[in-house]
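*Asks:* Structure file run.cif (mmCIF, C-alpha atoms) is given on the next line.
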```cif
data_start
loop_
_atom_site.label_atom_id
_atom_site.label_comp_id
_atom_site.auth_asym_id
_atom_site.auth_seq_id
_atom_site.Cartn_x
_atom_site.Cartn_y
_atom_site.Cartn_z
CA MET I 1 42.71 24.83 9.78
CA THR I 2 40.10 27.46 10.67
CA ALA I 3 36.79 27.14 8.86
CA THR I 4 35.67 30.24 6.99
CA PRO I 5 32.62 30.93 4.84
CA GLN I 6 34.88 30.96 1.76
CA ASN I 7 36.40 27.59 2.68
CA THR I 8 32.90 26.24 3.28
CA VAL I 9 31.72 27.33 -0.17
CA LEU I 10 34.81 25.96 -1.89
CA GLY I 11 34.52 22.68 0.00
CA GLY I 12 30.92 22.25 -1.12
CA LYS I 13 31.76 23.02 -4.74
CA THR I 14 34.69 20.60 -4.58
CA ILE I 15 32.33 17.80 -3.54
CA VAL I 16 29.92 18.68 -6.36
CA LEU I 17 32.73 18.78 -8.91
CA GLY I 18 34.23 15.54 -7.62
CA MET I 19 30.94 13.65 -7.84
CA THR I 20 30.24 15.03 -11.31
CA LEU I 21 33.67 13.93 -12.53
CA LEU I 22 33.05 10.52 -10.96
CA VAL I 23 29.95 10.07 -13.12
CA PHE I 24 31.86 11.01 -16.29
CA ALA I 25 34.71 8.70 -15.25
CA MET I 26 32.21 5.84 -14.88
CA MET I 27 30.89 6.61 -18.36
CA ALA I 28 34.42 6.49 -19.79
CA VAL I 29 35.29 3.23 -18.02
CA VAL I 30 32.06 1.45 -19.00
CA ALA I 31 32.40 2.64 -22.60
CA GLN I 32 35.78 0.87 -22.83
CA LEU I 33 34.47 -2.47 -21.58
CA PRO I 34 33.64 -5.33 -23.96
CA LEU I 35 30.07 -5.15 -25.26
CA PRO I 36 28.88 -8.31 -23.44
CA MET I 37 30.09 -6.85 -20.13
CA GLN I 38 28.44 -3.50 -20.93
CA GLY I 39 25.20 -5.31 -21.65
CA SER I 40 25.22 -7.14 -18.33
CA LEU I 41 26.05 -3.98 -16.37
CA LEU I 42 23.50 -1.74 -18.08
CA ALA I 43 20.63 -4.17 -18.66
CA GLU I 44 17.26 -3.76 -16.97
CA GLY I 45 17.59 -5.11 -13.46
CA GLY I 46 21.38 -4.94 -13.77
CA PRO I 47 23.85 -3.28 -11.40
CA PHE I 48 23.45 0.28 -12.66
CA GLU I 49 19.66 0.25 -12.63
CA THR I 50 19.67 -1.37 -9.19
CA LEU I 51 22.12 1.23 -7.87
CA SER I 52 19.91 4.01 -9.25
CA VAL I 53 16.87 2.67 -7.40
CA VAL I 54 18.91 2.22 -4.22
CA GLY I 55 20.25 5.74 -4.68
CA TYR I 56 16.78 7.27 -4.61
CA GLY I 57 15.97 5.23 -1.52
CA LEU I 58 19.13 6.51 0.15
CA CYS I 59 18.14 10.08 -0.73
CA ILE I 60 14.89 9.61 1.19
CA LEU I 61 16.71 8.03 4.14
CA MET I 62 19.21 10.91 4.16
CA MET I 63 16.39 13.44 4.36
CA PHE I 64 14.95 11.74 7.44
CA ALA I 65 18.38 11.16 8.99
CA LEU I 66 19.95 14.58 8.38
CA TRP I 67 17.15 17.13 8.18
CA PRO I 68 15.01 18.19 11.15
CA LYS I 69 11.63 16.47 11.20
CA ALA I 70 9.86 19.79 10.63
CA SER I 71 12.00 20.42 7.56
CA VAL I 72 11.24 16.97 6.14
CA ALA I 73 7.52 17.51 6.69
CA ARG I 74 7.70 20.95 5.08
CA ARG I 75 9.60 19.60 2.08
CA TRP I 76 7.54 16.39 1.70
CA TYR I 77 7.44 16.77 -2.07
CA PHE I 78 11.16 16.00 -2.32
CA ALA I 79 10.61 12.55 -0.82
CA VAL I 80 7.61 12.05 -3.11
CA PHE I 81 9.68 12.77 -6.20
CA MET I 82 12.57 10.57 -5.07
CA ALA I 83 10.06 7.73 -4.67
CA LEU I 84 8.58 8.52 -8.09
CA PHE I 85 12.00 8.47 -9.75
CA ALA I 86 12.73 5.11 -8.14
CA ALA I 87 9.37 3.79 -9.35
CA ARG I 88 10.18 5.05 -12.84
CA GLU I 89 13.46 3.11 -12.80
CA LEU I 90 11.45 -0.01 -11.98
CA ASP I 91 9.00 0.75 -14.81
CA LEU I 92 6.14 1.03 -12.33
CA ASP I 93 4.64 3.73 -14.53
CA LYS I 94 4.02 0.99 -17.11
CA LYS I 95 3.89 -2.50 -15.58
CA PRO I 96 0.82 -2.09 -13.32
CA PHE I 97 -1.19 -0.27 -15.99
CA THR I 98 -2.82 -1.46 -19.20
CA GLU I 99 -1.49 1.36 -21.37
CA GLY I 100 0.91 3.21 -19.07
CA LEU I 101 0.36 5.88 -16.44
CA LEU I 102 1.72 8.68 -18.61
CA LYS I 103 -0.10 7.63 -21.80
CA ALA I 104 -3.29 9.40 -22.85
CA ARG I 105 -4.66 6.01 -23.94
CA GLN I 106 -4.70 4.95 -20.29
CA PHE I 107 -7.62 7.32 -19.77
CA SER I 108 -9.29 7.18 -23.20
CA SER I 109 -9.13 3.49 -24.09
CA ASP I 110 -12.21 1.30 -23.65
CA GLY I 111 -9.83 -1.54 -22.78
CA VAL I 112 -8.95 0.07 -19.45
CA SER I 113 -11.38 -0.49 -16.59
CA LEU I 114 -13.02 2.47 -14.87
CA MET I 115 -11.36 1.52 -11.56
CA GLU I 116 -7.91 1.43 -13.16
CA LYS I 117 -8.55 4.79 -14.79
CA GLY I 118 -9.55 6.21 -11.42
CA ILE I 119 -6.46 4.89 -9.65
CA ALA I 120 -4.21 6.16 -12.44
CA GLY I 121 -5.95 9.54 -12.32
CA ILE I 122 -5.42 9.90 -8.58
CA ILE I 123 -1.74 9.01 -8.88
CA LEU I 124 -1.24 11.39 -11.80
CA LEU I 125 -3.09 14.19 -10.01
CA THR I 126 -0.90 13.68 -6.93
CA ILE I 127 2.23 13.95 -9.07
CA ILE I 128 0.98 17.14 -10.73
CA VAL I 129 0.00 18.76 -7.42
CA ALA I 130 3.35 17.84 -5.83
CA GLY I 131 5.18 19.25 -8.83
CA LEU I 132 3.26 22.53 -8.78
CA ILE I 133 3.85 22.96 -5.05
CA LEU I 134 7.56 22.26 -5.47
CA LEU I 135 7.85 24.77 -8.32
CA ARG I 136 5.94 27.45 -6.43
CA ARG I 137 7.96 27.09 -3.25
CA LYS I 138 11.44 26.43 -4.60
CA THR I 139 11.91 27.91 -8.07
CA ARG I 140 13.01 31.39 -7.00
CA GLY I 141 15.33 30.15 -4.27
CA PHE I 142 16.79 27.57 -6.61
CA ILE I 143 17.53 30.15 -9.30
CA ARG I 144 19.06 32.53 -6.75
CA GLY I 145 21.23 29.73 -5.41
CA VAL I 146 22.46 28.76 -8.88
CA VAL I 147 23.26 32.40 -9.72
CA LYS I 148 25.20 32.75 -6.45
CA GLY I 149 27.01 29.46 -7.09
CA ALA I 150 25.61 27.76 -3.97
CA ALA I 151 26.84 24.15 -3.92
CA PRO I 152 23.52 22.42 -3.05
CA GLN I 153 21.67 24.20 -5.87
CA LEU I 154 24.52 23.45 -8.28
CA ALA I 155 24.29 19.77 -7.36
CA VAL I 156 20.53 19.79 -8.05
CA LEU I 157 21.13 21.60 -11.35
CA ILE I 158 23.61 18.95 -12.47
CA GLY I 159 21.17 16.23 -11.44
CA LEU I 160 18.48 17.90 -13.57
CA LEU I 161 20.93 18.13 -16.48
CA PHE I 162 21.53 14.38 -16.17
CA ILE I 163 17.76 13.94 -16.51
CA VAL I 164 17.85 16.02 -19.70
CA VAL I 165 20.75 13.93 -21.02
CA TYR I 166 18.82 10.75 -20.19
CA LYS I 167 15.74 11.97 -22.09
CA LEU I 168 17.81 13.11 -25.09
CA THR I 169 19.86 9.91 -25.42
CA ASP I 170 16.97 7.51 -24.82
CA GLY I 171 16.27 6.14 -28.29
CA LEU I 172 18.61 8.73 -29.84
CA ALA I 173 18.95 6.90 -33.17
CA ARG I 174 15.16 6.81 -33.58
CA LYS I 175 14.85 10.49 -32.70
CA LEU I 176 17.45 11.52 -35.28
CA GLU I 177 16.06 9.48 -38.17
CA PRO I 178 13.43 12.10 -39.19
CA PHE I 179 16.31 14.55 -39.68
CA GLY I 180 18.12 12.18 -41.99
CA ILE I 181 20.82 11.42 -39.43
CA THR I 182 21.83 7.79 -39.07
CA LEU I 183 24.03 6.74 -36.17
CA GLY I 184 26.58 3.98 -36.43
CA ARG I 185 26.65 1.02 -34.08
CA GLU I 186 29.46 2.50 -31.99
CA GLN I 187 27.62 5.80 -31.59
CA ILE I 188 24.43 4.01 -30.55
CA ASP I 189 26.35 1.96 -27.99
CA LEU I 190 28.04 5.09 -26.61
CA ALA I 191 24.69 6.89 -26.31
CA TYR I 192 23.34 3.88 -24.41
CA VAL I 193 26.27 4.00 -21.98
CA ILE I 194 25.82 7.75 -21.43
CA GLU I 195 22.09 7.26 -20.84
CA GLU I 196 22.33 4.41 -18.36
CA VAL I 197 25.33 5.68 -16.39
CA GLY I 198 23.88 9.21 -16.44
CA GLU I 199 20.74 7.83 -14.79
CA LEU I 200 22.87 6.78 -11.82
CA GLY I 201 24.27 10.31 -11.69
CA ILE I 202 20.79 11.71 -10.96
CA PRO I 203 20.31 10.24 -7.45
CA LEU I 204 24.02 10.71 -6.76
CA MET I 205 23.80 14.47 -7.32
CA PHE I 206 20.53 14.73 -5.39
CA ALA I 207 22.18 12.91 -2.47
CA VAL I 208 25.06 15.39 -2.60
CA ALA I 209 22.56 18.27 -2.49
CA ILE I 210 20.76 16.75 0.52
CA TYR I 211 24.05 16.25 2.37
CA LEU I 212 25.33 19.75 1.61
CA THR I 213 22.01 21.33 2.62
CA TYR I 214 22.58 19.71 6.01
CA ARG I 215 26.35 20.07 6.35
CA LEU I 216 27.32 23.49 4.99
CA PRO I 217 25.20 25.60 7.39
CA ARG I 218 26.70 23.70 10.33
CA ILE I 219 30.27 24.29 9.16
CA ALA I 220 29.54 27.99 8.66
CA ALA I 221 27.88 28.27 12.09
CA ALA I 222 30.87 26.61 13.76
CA ALA I 223 33.42 28.85 12.04
CA PRO I 224 33.43 31.72 14.61
CA SER I 225 33.92 29.36 17.53
CA THR I 226 36.94 27.72 15.89
CA ALA I 227 38.69 31.00 15.21
CA PRO I 228 41.78 31.64 17.42
#
```
Please rewrite the model in this file as structure tokens.
*Replies:*
Amino acid sequence: MTATPQNTVLGGKTIVLGMTLLVFAMMAVVAQLPLPMQGSLLAEGGPFETLSVVGYGLCILMMFALWPKASVARRWYFAVFMALFAARELDLDKKPFTEGLLKARQFSSDGVSLMEKGIAGIILLTIIVAGLILLRRKTRGFIRGVVKGAAPQLAVLIGLLFIVVYKLTDGLARKLEPFGITLGREQIDLAYVIEEVGELGIPLMFAVAIYLTYRLPRIAAAAPSTAP
């Protein structure tokens, strides 16, 4: 079959859709498992958390394996954020610090040494700078890609939506209490499944975006030469 730009676009979107449905299918399957099995799969250090960490590592490896070296160097902030997401999964924003890297008390408490405050400040400043550079360089192109329905940007968008879902469902029962909403045990368990499985969907969708960023231009470039 001859490759065409339209086939290339549809193929990329099919991959994005397929991987998204896979994440929802995993949520549905895990939600039907007995609670003890759910607990072992979703616990800290369990299979899903481990796969999430491995997923971010694979994203970094894919960048170096698939993208030209100049492109990797130019987009260094992507690798930085993949590493940061992996560290977050391992709770490295909390464990090495007295109060927690993202807590104001880490910098204001007298119980935190000056050296620890300095190290935390450097790390936090690096994260902020990397984030600002990423936003400045990529926001417009990302929005244009989403509007045009470009598969790599759609994959990133879905990954970001999984982050939003993770933040919303983390401690959902506690967040709803001030509004007078009380969740039942089954609803709390379902929210936990959505949160933990959705976390695995984040690196999965980012990996899809990295692959498509590499693959789609090559398919499109080869299309004229494969035409009869």
*Asks:* Within 9 Å of Met19 of chain I, counting all atoms listed in the file, which residues qualify if same-chain residues fewer than 5 places away don't, as a PyMOL selection string?
*Replies:* chain I and resi 14+24+201+204-205+208
*Asks:* What would the file look like if the residues just selected were written as a PDB file, in the coordinates of the input with C-alpha atoms?
*Replies:*
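So result32.pdb came out as:
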```pdb
ATOM      1  CA  THR I  14      34.690  20.600  -4.580  1.00  0.00           C
ATOM      2  CA  PHE I  24      31.860  11.010 -16.290  1.00  0.00           C
ATOM      3  CA  GLY I 201      24.270  10.310 -11.690  1.00  0.00           C
ATOM      4  CA  LEU I 204      24.020  10.710  -6.760  1.00  0.00           C
ATOM      5  CA  MET I 205      23.800  14.470  -7.320  1.00  0.00           C
ATOM      6  CA  VAL I 208      25.060  15.390  -2.600  1.00  0.00           C
TER       7      VAL I 208
END
```
*Asks:* Sorted by chain and rising residue number, which residues of segment 103-192 of chain I lie within 12 Å of segment 210-217 of chain I, and what are their closest atom pairs and distances in Å to one decimal, counting all atoms listed in the file, as a Markdown table?
*Replies:*
```
| residue | atom | partner | partner_atom | distance |
| --- | --- | --- | --- | --- |
| I:Gly145 | CA | I:Thr213 | CA | 11.6 |
| I:Ala150 | CA | I:Leu212 | CA | 9.8 |
| I:Ala151 | CA | I:Leu212 | CA | 7.2 |
| I:Pro152 | CA | I:Leu212 | CA | 5.7 |
| I:Gln153 | CA | I:Thr213 | CA | 9.0 |
| I:Leu154 | CA | I:Leu212 | CA | 10.6 |
| I:Ala155 | CA | I:Leu212 | CA | 9.0 |
| I:Val156 | CA | I:Ile210 | CA | 9.1 |
| I:Gly159 | CA | I:Ile210 | CA | 12.0 |
```
*Asks:* So how many Å separate atom CA of Arg144 of chain I and atom CA of Leu161 of chain I, to one decimal?
*Replies:*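 Computing it gives 17.5 Å between the two atoms.
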*Asks:* Could you pull the residues within 12 Å of Lys103 of chain I, counting all atoms listed in the file, minus those fewer than 4 positions along the same chain, as a VMD selection string?
*Replies:* chain I and resid 93 to 94 97 to 99 107 to 109 112 117 120 to 121 124
*Asks:* With C-alpha atoms retained, export the selected residues as a PDB file, keeping the file's coordinate frame.
*Replies:*
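selection-v9.pdb, written as the output of this step:
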```pdb
ATOM      1  CA  ASP I  93       4.640   3.730 -14.530  1.00  0.00           C
ATOM      2  CA  LYS I  94       4.020   0.990 -17.110  1.00  0.00           C
ATOM      3  CA  PHE I  97      -1.190  -0.270 -15.990  1.00  0.00           C
ATOM      4  CA  THR I  98      -2.820  -1.460 -19.200  1.00  0.00           C
ATOM      5  CA  GLU I  99      -1.490   1.360 -21.370  1.00  0.00           C
ATOM      6  CA  PHE I 107      -7.620   7.320 -19.770  1.00  0.00           C
ATOM      7  CA  SER I 108      -9.290   7.180 -23.200  1.00  0.00           C
ATOM      8  CA  SER I 109      -9.130   3.490 -24.090  1.00  0.00           C
ATOM      9  CA  VAL I 112      -8.950   0.070 -19.450  1.00  0.00           C
ATOM     10  CA  LYS I 117      -8.550   4.790 -14.790  1.00  0.00           C
ATOM     11  CA  ALA I 120      -4.210   6.160 -12.440  1.00  0.00           C
ATOM     12  CA  GLY I 121      -5.950   9.540 -12.320  1.00  0.00           C
ATOM     13  CA  LEU I 124      -1.240  11.390 -11.800  1.00  0.00           C
TER      14      LEU I 124
END
```
*Asks:* Have a look at atom CA of Val53 of chain I and atom CA of Ala86 of chain I and let me know their distance in Å, one decimal.
*Replies:* 4.9 Å
*Asks:* Show which residues sit within 9 Å of segment 132-137 of chain I, as a list of chain:residue names. Count only C-alpha atoms, and ignore same-chain residues fewer than 6 positions away.
*Replies:*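 Result of the neighbour search: I:Arg75, I:Tyr77, I:Phe78.
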*Asks:* Applying the PyMOL selection byres ((chain I and resi 39-52) around 7) to the file I just gave you, which residues come out? Please list them as number ranges by chain.
*Replies:* I: 35-38, 53-56, 89, 196-197, 199-200, 203
*Asks:* For those residues, write C-alpha atoms to a file as a PDB file, in the frame of the given file.
*Replies:*
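Output (again11.pdb):
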```pdb
ATOM      1  CA  LEU I  35      30.070  -5.150 -25.260  1.00  0.00           C
ATOM      2  CA  PRO I  36      28.880  -8.310 -23.440  1.00  0.00           C
ATOM      3  CA  MET I  37      30.090  -6.850 -20.130  1.00  0.00           C
ATOM      4  CA  GLN I  38      28.440  -3.500 -20.930  1.00  0.00           C
ATOM      5  CA  VAL I  53      16.870   2.670  -7.400  1.00  0.00           C
ATOM      6  CA  VAL I  54      18.910   2.220  -4.220  1.00  0.00           C
ATOM      7  CA  GLY I  55      20.250   5.740  -4.680  1.00  0.00           C
ATOM      8  CA  TYR I  56      16.780   7.270  -4.610  1.00  0.00           C
ATOM      9  CA  GLU I  89      13.460   3.110 -12.800  1.00  0.00           C
ATOM     10  CA  GLU I 196      22.330   4.410 -18.360  1.00  0.00           C
ATOM     11  CA  VAL I 197      25.330   5.680 -16.390  1.00  0.00           C
ATOM     12  CA  GLU I 199      20.740   7.830 -14.790  1.00  0.00           C
ATOM     13  CA  LEU I 200      22.870   6.780 -11.820  1.00  0.00           C
ATOM     14  CA  PRO I 203      20.310  10.240  -7.450  1.00  0.00           C
TER      15      PRO I 203
END
```
*Asks:* Can you give me, as an MDAnalysis selection string, the residues this file yields under the PyMOL selection byres ((chain I and resi 81) around 10)?
*Replies:* chainID I and resid 56 60 76:80 82:87 127 130:131 134
*Asks:* Between I:Ala173, I:Val30, I:Met63, I:Leu92, which has the minimum distance to Ala209 of chain I (counting only C-alpha atoms)?
*Replies:*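 Nearest to Ala209 of chain I: I:Met63.
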*Asks:* Restricting the calculation to only C-alpha atoms: of I:Gly141, I:Gly149, I:Gly57, I:Gly171, which residue gets closest to Ala207 of chain I?
*Replies:*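 Nearest to Ala207 of chain I: I:Gly57.
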*Asks:* Calculate how many Å separate atom CA of Val165 of chain I from atom CA of Ala191 of chain I, rounding to one decimal.
*Replies:*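 So the answer is 9.6 Å.
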*Asks:* Of the candidates I:Ile181, I:Ile158, I:Ile119, I:Leu101, which one gets nearest to Ile202 of chain I if we count only C-alpha atoms?
*Replies:*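 Between I:Ile181, I:Ile158, I:Ile119, I:Leu101, the residue approaching Ile202 of chain I most closely is I:Ile158.
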*Asks:* So which residues fall inside 8 Å of (18.5, 8.7, -19.1) if we count only C-alpha atoms? Mind giving them as a PyMOL selection string?
*Replies:* chain I and resi 162-170+194-199
*Asks:* Counting all atoms listed in the file, which of I:Arg140, I:Arg174, I:Phe206, I:Leu190 gets nearest to Leu33 of chain I?
*Replies:*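 Answer, going by the shortest atom-to-atom distance: I:Leu190.
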